[in-house]
Amino acid sequence: MQKRKIVITYHLHQNLIEQIKEIIPDWSIIVGNDRDIWQEHLHDAEIIAGWKKGMEEECLAPQSKLKWLQTWSAGVDSLPLESLESKNITVTSANGVHAYPISESIFALMLGLTRKIHTYVKNQQEKKWHHSGIKLEMHEKTIGIIGVGAIGKETAKIAKAFGMKVLGVRHSGKQQEYVDEMYSTDQVDVVLPNCDYVVVTLPLTKDTKHLFDSKKFDLMKPSAFFINIGRGEIVVEDHLIRALQNGIIAGAGLDVFEQEPLSGDSPLWEMENVIITPHIAGSTEHYNQRVIENVLLPNLKNYISGNQPSVNHVNFSKGY
């Protein structure tokens, strides 16, 4: 009788593999970054952890044995969700494992823009000793966190160390620790005029695509900074560029873009009031360990017991 099979498309330390083996000792466990390691196993894998481009042909074929997909990312907007739903394949995300690195990246961008760190790095490269007009500080300002999930909560927690007023937006409008005032997503326009920093931590869904357009930027303070670590397509990029060029907002820290990599001819590269990072806000030395220990293992225990994986279970209708 053929063994049941799990494919994990990332390299894991042996201690993590051993933890998986303890739960499914009789399974075949295929692990590795290299496509050659797992490609031939896709058609009969019951569980796949780590979706890769080009998997559709094998994993969504009529004879596929796939029953559960664990993603390696928090966002699931790049997945063929309709096809997965039609085949009744359970999908769980890596939501929550990014809270520490992304909240740190958010504050790196906020502090960098506020204290002009990017300007001084350029001055250093040119051996130029120049004040460069620094004057702003972040303490006791107002931050609007658009999308208060695990990342948003950790961001709010750090903001409190700076004595900031925290305004939060989430789909439900439900109150959250460290957030002074919570609003639902249809109240974003009420929040934006009051913020010195607008931080987007939303997933990309049909409701959030192009949410931030010229109308939203017009509502913001001309002194406000815009930070996006969610998804690039949440923003109409041309409208953001015009808002930055025309002084509608003061600056932006951007980790995500409508098209990635960002085109070399984008005006964003040359702007003095913009800091760009290449979609790396969630990168951390602990990433794989957190996906396995915080999400995959508890879900695997449920799955083997005949229950639905419950940690970060993706709601197909919501898109996250």
# chains A, B, ... in the order shown; residues from 1 in each chain; ligands from 1
>>> residues_around(residues="Ile241 in chain A", least_positions_apart="5", cutoff="12 Å", atoms="only C-alpha atoms", output="VMD selection string")
chain A and resid 212 to 214 217 226 235 to 236 246 to 252 254 257 266 to 271 273 to 274
>>> closest_residue(among="A:Ala94, A:Ile20, A:Ala150, A:Ile143", to="Glu181 in chain A", atoms="only C-alpha atoms")
A:Ile143
>>> atom_distance(atom1="CA of Asn294 in chain A", atom2="CA of Glu58 in chain A")
28.0 Å
>>> atom_distance(atom1="CA of Glu57 in chain A", atom2="CA of Phe316 in chain A")
20.7 Å
>>> closest_residue(among="A:Ile292, A:Leu113, A:Leu240, A:Ile275", to="Asp196 in chain A", atoms="only C-alpha atoms")
A:Leu113
>>> residues_around(residues="Pro309 in chain A", least_positions_apart="3", cutoff="7 Å", atoms="only C-alpha atoms", output="PyMOL selection string")
chain A and resi 299-300+302-303+313
>>> write_last_selection(atoms="C-alpha atoms", output="short mmCIF file (atom, residue, chain, number, x, y, z; two decimals), in the first residue's frame")
data_model
loop_
_atom_site.label_atom_id
_atom_site.label_comp_id
_atom_site.auth_asym_id
_atom_site.auth_seq_id
_atom_site.Cartn_x
_atom_site.Cartn_y
_atom_site.Cartn_z
CA ASN A 299 -2.98 21.98 11.86
CA LEU A 300 -1.34 18.65 11.08
CA ASN A 302 -5.99 18.30 13.71
CA TYR A 303 -5.84 16.86 10.21
CA HIS A 313 -8.06 28.60 7.71
#
>>> residues_around(residues="Met164 in chain A", least_positions_apart="6", cutoff="6 Å", atoms="only C-alpha atoms", output="PDB file with C-alpha atoms, in the first residue's frame")
ATOM      1  CA  GLU A 140       2.893  61.567  20.301  1.00  0.00           C
ATOM      2  CA  LYS A 141       1.808  61.637  16.642  1.00  0.00           C
ATOM      3  CA  THR A 142      -1.214  59.722  15.307  1.00  0.00           C
TER       4      THR A 142
END
>>> closest_residue(among="A:Lys52, A:Asp77, A:Ile89, A:Ser105", to="Gly232 in chain A", atoms="only C-alpha atoms")
A:Asp77
>>> closest_atom_pairs(of="range 83-137 of chain A", to="range 73-76 of chain A", cutoff="12 Å", atoms="only C-alpha atoms", output="Markdown table")
| residue | atom | partner | partner_atom | distance |
| --- | --- | --- | --- | --- |
| A:Leu84 | CA | A:Val76 | CA | 11.5 |
| A:Val91 | CA | A:Val76 | CA | 9.0 |
| A:Thr92 | CA | A:Val76 | CA | 9.0 |
| A:Ser93 | CA | A:Ala74 | CA | 5.3 |
| A:Ala94 | CA | A:Ala74 | CA | 4.6 |
| A:Asn95 | CA | A:Ala74 | CA | 4.2 |
| A:Gly96 | CA | A:Ala74 | CA | 7.4 |
| A:Val97 | CA | A:Ala74 | CA | 8.0 |
| A:His98 | CA | A:Ala74 | CA | 7.9 |
| A:Ala99 | CA | A:Ala74 | CA | 10.4 |
| A:Ile102 | CA | A:Ala74 | CA | 11.6 |
>>> write_last_selection(atoms="all heavy atoms", output="mmCIF file, in the first residue's frame")
data_model
loop_
_atom_site.group_PDB
_atom_site.id
_atom_site.type_symbol
_atom_site.label_atom_id
_atom_site.label_comp_id
_atom_site.auth_asym_id
_atom_site.auth_seq_id
_atom_site.Cartn_x
_atom_site.Cartn_y
_atom_site.Cartn_z
ATOM 1 N N LEU A 84 -9.233 25.845 -6.309
ATOM 2 C CA LEU A 84 -9.016 25.122 -5.052
ATOM 3 C C LEU A 84 -10.334 24.900 -4.325
ATOM 4 O O LEU A 84 -10.593 23.824 -3.796
ATOM 5 C CB LEU A 84 -8.037 25.903 -4.165
ATOM 6 C CG LEU A 84 -6.587 25.945 -4.656
ATOM 7 C CD1 LEU A 84 -5.804 27.041 -3.937
ATOM 8 C CD2 LEU A 84 -5.898 24.601 -4.460
ATOM 9 N N VAL A 91 -7.360 25.275 2.439
ATOM 10 C CA VAL A 91 -6.190 26.153 2.352
ATOM 11 C C VAL A 91 -5.990 26.852 3.691
ATOM 12 O O VAL A 91 -6.934 27.404 4.262
ATOM 13 C CB VAL A 91 -6.347 27.204 1.234
ATOM 14 C CG1 VAL A 91 -5.133 28.137 1.197
ATOM 15 C CG2 VAL A 91 -6.541 26.536 -0.124
ATOM 16 N N THR A 92 -4.761 26.791 4.201
ATOM 17 C CA THR A 92 -4.389 27.552 5.396
ATOM 18 C C THR A 92 -3.187 28.419 5.040
ATOM 19 O O THR A 92 -2.344 28.030 4.230
ATOM 20 C CB THR A 92 -4.053 26.634 6.584
ATOM 21 O OG1 THR A 92 -3.060 25.682 6.188
ATOM 22 C CG2 THR A 92 -5.288 25.899 7.072
ATOM 23 N N SER A 93 -3.124 29.603 5.633
ATOM 24 C CA SER A 93 -2.081 30.565 5.297
ATOM 25 C C SER A 93 -1.030 30.644 6.400
ATOM 26 O O SER A 93 -1.166 30.027 7.459
ATOM 27 C CB SER A 93 -2.693 31.951 5.071
ATOM 28 O OG SER A 93 -3.041 32.532 6.317
ATOM 29 N N ALA A 94 -0.004 31.441 6.148
ATOM 30 C CA ALA A 94 1.045 31.672 7.142
ATOM 31 C C ALA A 94 0.792 32.970 7.901
ATOM 32 O O ALA A 94 1.731 33.587 8.412
ATOM 33 C CB ALA A 94 2.413 31.698 6.468
ATOM 34 N N ASN A 95 -0.450 33.378 7.972
ATOM 35 C CA ASN A 95 -0.795 34.605 8.679
ATOM 36 C C ASN A 95 -0.304 34.547 10.123
ATOM 37 O O ASN A 95 -0.436 33.537 10.791
ATOM 38 C CB ASN A 95 -2.318 34.789 8.655
ATOM 39 C CG ASN A 95 -2.744 36.139 9.178
ATOM 40 O OD1 ASN A 95 -2.064 37.124 8.970
ATOM 41 N ND2 ASN A 95 -3.868 36.173 9.861
ATOM 42 N N GLY A 96 0.284 35.655 10.594
ATOM 43 C CA GLY A 96 0.723 35.733 11.988
ATOM 44 C C GLY A 96 2.207 35.524 12.182
ATOM 45 O O GLY A 96 2.769 36.013 13.161
ATOM 46 N N VAL A 97 2.862 34.811 11.248
ATOM 47 C CA VAL A 97 4.295 34.564 11.444
ATOM 48 C C VAL A 97 5.138 35.796 11.131
ATOM 49 O O VAL A 97 6.319 35.852 11.455
ATOM 50 C CB VAL A 97 4.796 33.371 10.584
ATOM 51 C CG1 VAL A 97 3.972 32.124 10.849
ATOM 52 C CG2 VAL A 97 4.785 33.708 9.100
ATOM 53 N N HIS A 98 4.513 36.802 10.512
ATOM 54 C CA HIS A 98 5.236 37.997 10.090
ATOM 55 C C HIS A 98 5.160 39.148 11.084
ATOM 56 O O HIS A 98 5.724 40.217 10.841
ATOM 57 C CB HIS A 98 4.678 38.527 8.762
ATOM 58 C CG HIS A 98 4.497 37.498 7.711
ATOM 59 N ND1 HIS A 98 3.444 36.601 7.710
ATOM 60 C CD2 HIS A 98 5.226 37.214 6.610
ATOM 61 C CE1 HIS A 98 3.546 35.819 6.652
ATOM 62 N NE2 HIS A 98 4.613 36.159 5.975
ATOM 63 N N ALA A 99 4.460 38.984 12.174
ATOM 64 C CA ALA A 99 4.141 40.124 13.040
ATOM 65 C C ALA A 99 5.399 40.863 13.512
ATOM 66 O O ALA A 99 5.449 42.094 13.464
ATOM 67 C CB ALA A 99 3.315 39.662 14.235
ATOM 68 N N ILE A 102 7.662 42.299 10.198
ATOM 69 C CA ILE A 102 6.994 43.359 9.433
ATOM 70 C C ILE A 102 6.742 44.590 10.292
ATOM 71 O O ILE A 102 6.896 45.721 9.822
ATOM 72 C CB ILE A 102 5.696 42.839 8.786
ATOM 73 C CG1 ILE A 102 6.033 41.827 7.681
ATOM 74 C CG2 ILE A 102 4.879 43.993 8.201
ATOM 75 C CD1 ILE A 102 4.855 41.358 6.859
#
>>> residues_around(residues="Pro298 in chain A", least_positions_apart="6", cutoff="12 Å", atoms="only C-alpha atoms", output="PyMOL selection string")
chain A and resi 19-20+23+70+92+290-292+304-305+307-312
>>> atom_distance(atom1="CA of Gly50 in chain A", atom2="CA of Val314 in chain A")
14.7 Å
>>> closest_residue(among="A:Leu202, A:Met220, A:Leu192, A:Ile106", to="Gly147 in chain A", atoms="only C-alpha atoms")
A:Leu202
>>> residues_around(residues="Gly149 in chain A", least_positions_apart="4", cutoff="12 Å", atoms="only C-alpha atoms", output="PyMOL selection string")
chain A and resi 74+95-99+103+145+153-156+168-177+179+200-203+230+312+320
>>> write_last_selection(atoms="N, CA and C atoms", output="PDB file, in the first residue's frame")
ATOM      1  N   ALA A  74       1.372  34.984   4.013  1.00  0.00           N
ATOM      2  CA  ALA A  74       0.116  35.377   4.660  1.00  0.00           C
ATOM      3  C   ALA A  74      -0.950  35.651   3.610  1.00  0.00           C
ATOM      4  N   ASN A  95      -0.450  33.378   7.972  1.00  0.00           N
ATOM      5  CA  ASN A  95      -0.795  34.605   8.679  1.00  0.00           C
ATOM      6  C   ASN A  95      -0.304  34.547  10.123  1.00  0.00           C
ATOM      7  N   GLY A  96       0.284  35.655  10.594  1.00  0.00           N
ATOM      8  CA  GLY A  96       0.723  35.733  11.988  1.00  0.00           C
ATOM      9  C   GLY A  96       2.207  35.524  12.182  1.00  0.00           C
ATOM     10  N   VAL A  97       2.862  34.811  11.248  1.00  0.00           N
ATOM     11  CA  VAL A  97       4.295  34.564  11.444  1.00  0.00           C
ATOM     12  C   VAL A  97       5.138  35.796  11.131  1.00  0.00           C
ATOM     13  N   HIS A  98       4.513  36.802  10.512  1.00  0.00           N
ATOM     14  CA  HIS A  98       5.236  37.997  10.090  1.00  0.00           C
ATOM     15  C   HIS A  98       5.160  39.148  11.084  1.00  0.00           C
ATOM     16  N   ALA A  99       4.460  38.984  12.174  1.00  0.00           N
ATOM     17  CA  ALA A  99       4.141  40.124  13.040  1.00  0.00           C
ATOM     18  C   ALA A  99       5.399  40.863  13.512  1.00  0.00           C
ATOM     19  N   SER A 103       6.387  44.402  11.556  1.00  0.00           N
ATOM     20  CA  SER A 103       6.204  45.580  12.417  1.00  0.00           C
ATOM     21  C   SER A 103       7.530  46.317  12.574  1.00  0.00           C
ATOM     22  N   ILE A 145      -3.661  52.514  11.375  1.00  0.00           N
ATOM     23  CA  ILE A 145      -3.292  51.182  10.903  1.00  0.00           C
ATOM     24  C   ILE A 145      -4.479  50.602  10.140  1.00  0.00           C
ATOM     25  N   LYS A 153      -1.720  44.579  15.089  1.00  0.00           N
ATOM     26  CA  LYS A 153      -1.711  44.597  16.552  1.00  0.00           C
ATOM     27  C   LYS A 153      -0.300  44.834  17.080  1.00  0.00           C
ATOM     28  N   GLU A 154       0.685  44.150  16.522  1.00  0.00           N
ATOM     29  CA  GLU A 154       2.072  44.327  16.973  1.00  0.00           C
ATOM     30  C   GLU A 154       2.559  45.743  16.666  1.00  0.00           C
ATOM     31  N   THR A 155       2.135  46.287  15.530  1.00  0.00           N
ATOM     32  CA  THR A 155       2.488  47.666  15.173  1.00  0.00           C
ATOM     33  C   THR A 155       1.882  48.650  16.166  1.00  0.00           C
ATOM     34  N   ALA A 156       0.639  48.414  16.543  1.00  0.00           N
ATOM     35  CA  ALA A 156      -0.023  49.268  17.531  1.00  0.00           C
ATOM     36  C   ALA A 156       0.689  49.201  18.876  1.00  0.00           C
ATOM     37  N   GLY A 168      -7.328  52.417  14.360  1.00  0.00           N
ATOM     38  CA  GLY A 168      -7.283  51.148  13.644  1.00  0.00           C
ATOM     39  C   GLY A 168      -8.492  50.944  12.760  1.00  0.00           C
ATOM     40  N   VAL A 169      -8.275  50.224  11.660  1.00  0.00           N
ATOM     41  CA  VAL A 169      -9.362  49.866  10.744  1.00  0.00           C
ATOM     42  C   VAL A 169      -9.297  48.366  10.509  1.00  0.00           C
ATOM     43  N   ARG A 170     -10.428  47.708  10.668  1.00  0.00           N
ATOM     44  CA  ARG A 170     -10.525  46.288  10.330  1.00  0.00           C
ATOM     45  C   ARG A 170     -11.922  46.007   9.822  1.00  0.00           C
ATOM     46  N   HIS A 171     -12.081  44.907   9.122  1.00  0.00           N
ATOM     47  CA  HIS A 171     -13.348  44.571   8.482  1.00  0.00           C
ATOM     48  C   HIS A 171     -14.501  44.579   9.488  1.00  0.00           C
ATOM     49  N   SER A 172     -14.276  43.992  10.641  1.00  0.00           N
ATOM     50  CA  SER A 172     -15.344  43.861  11.638  1.00  0.00           C
ATOM     51  C   SER A 172     -15.530  45.114  12.478  1.00  0.00           C
ATOM     52  N   GLY A 173     -14.496  45.948  12.561  1.00  0.00           N
ATOM     53  CA  GLY A 173     -14.546  47.098  13.464  1.00  0.00           C
ATOM     54  C   GLY A 173     -14.396  46.720  14.928  1.00  0.00           C
ATOM     55  N   LYS A 174     -14.125  45.433  15.193  1.00  0.00           N
ATOM     56  CA  LYS A 174     -14.009  44.942  16.568  1.00  0.00           C
ATOM     57  C   LYS A 174     -12.805  45.555  17.272  1.00  0.00           C
ATOM     58  N   GLN A 175     -12.975  45.898  18.544  1.00  0.00           N
ATOM     59  CA  GLN A 175     -11.914  46.529  19.312  1.00  0.00           C
ATOM     60  C   GLN A 175     -10.696  45.617  19.436  1.00  0.00           C
ATOM     61  N   GLN A 176      -9.514  46.239  19.542  1.00  0.00           N
ATOM     62  CA  GLN A 176      -8.269  45.500  19.656  1.00  0.00           C
ATOM     63  C   GLN A 176      -7.366  46.170  20.683  1.00  0.00           C
ATOM     64  N   GLU A 177      -6.637  45.359  21.421  1.00  0.00           N
ATOM     65  CA  GLU A 177      -5.690  45.871  22.397  1.00  0.00           C
ATOM     66  C   GLU A 177      -4.683  46.800  21.724  1.00  0.00           C
ATOM     67  N   VAL A 179      -5.126  49.646  20.502  1.00  0.00           N
ATOM     68  CA  VAL A 179      -5.746  50.575  19.543  1.00  0.00           C
ATOM     69  C   VAL A 179      -6.706  51.485  20.299  1.00  0.00           C
ATOM     70  N   VAL A 200      -0.596  50.627   5.768  1.00  0.00           N
ATOM     71  CA  VAL A 200      -1.490  49.654   5.131  1.00  0.00           C
ATOM     72  C   VAL A 200      -0.964  48.244   5.377  1.00  0.00           C
ATOM     73  N   THR A 201      -1.750  47.455   6.106  1.00  0.00           N
ATOM     74  CA  THR A 201      -1.393  46.058   6.388  1.00  0.00           C
ATOM     75  C   THR A 201      -2.518  45.128   5.935  1.00  0.00           C
ATOM     76  N   LEU A 202      -3.263  45.550   4.941  1.00  0.00           N
ATOM     77  CA  LEU A 202      -4.410  44.794   4.446  1.00  0.00           C
ATOM     78  C   LEU A 202      -4.001  43.652   3.522  1.00  0.00           C
ATOM     79  N   PRO A 203      -4.815  42.594   3.454  1.00  0.00           N
ATOM     80  CA  PRO A 203      -4.641  41.605   2.385  1.00  0.00           C
ATOM     81  C   PRO A 203      -5.244  42.160   1.097  1.00  0.00           C
ATOM     82  N   GLY A 230       1.392  45.867   2.641  1.00  0.00           N
ATOM     83  CA  GLY A 230       0.336  44.902   2.355  1.00  0.00           C
ATOM     84  C   GLY A 230       0.530  44.268   0.989  1.00  0.00           C
ATOM     85  N   ASN A 312      -5.424  29.666  10.832  1.00  0.00           N
ATOM     86  CA  ASN A 312      -5.334  30.437   9.584  1.00  0.00           C
ATOM     87  C   ASN A 312      -6.109  29.800   8.429  1.00  0.00           C
ATOM     88  N   TYR A 320      -9.163  35.625   2.357  1.00  0.00           N
ATOM     89  CA  TYR A 320      -8.059  35.584   3.332  1.00  0.00           C
ATOM     90  C   TYR A 320      -8.464  34.714   4.509  1.00  0.00           C
TER      91      TYR A 320
END
>>> closest_residue(among="A:Leu109, A:Lys318, A:Val190, A:Ile17", to="Asp255 in chain A", atoms="only C-alpha atoms")
A:Leu109
>>> select_by_dssp(residues="range 178-296 of chain A", states="strand (DSSP E)", output="list in words")
Glu181, Met182, Tyr183, Ser184, Tyr197, Val198, Val199, Val200, Phe225, Phe226, Ile227, Asn228, Gly251, Ala252, Gly253, Leu254, Val274, Ile275 and Ile276 of chain A
>>> residues_around(residues="Ser28 in chain A", least_positions_apart="2", cutoff="12 Å", atoms="only C-alpha atoms", output="VMD selection string")
chain A and resid 2 to 8 17 20 to 21 24 to 26 30 to 31 38 41 44 to 47
>>> closest_residue(among="A:Gly133, A:Gly163, A:Gly253, A:Pro62", to="Gly112 in chain A", atoms="only C-alpha atoms")
A:Gly253
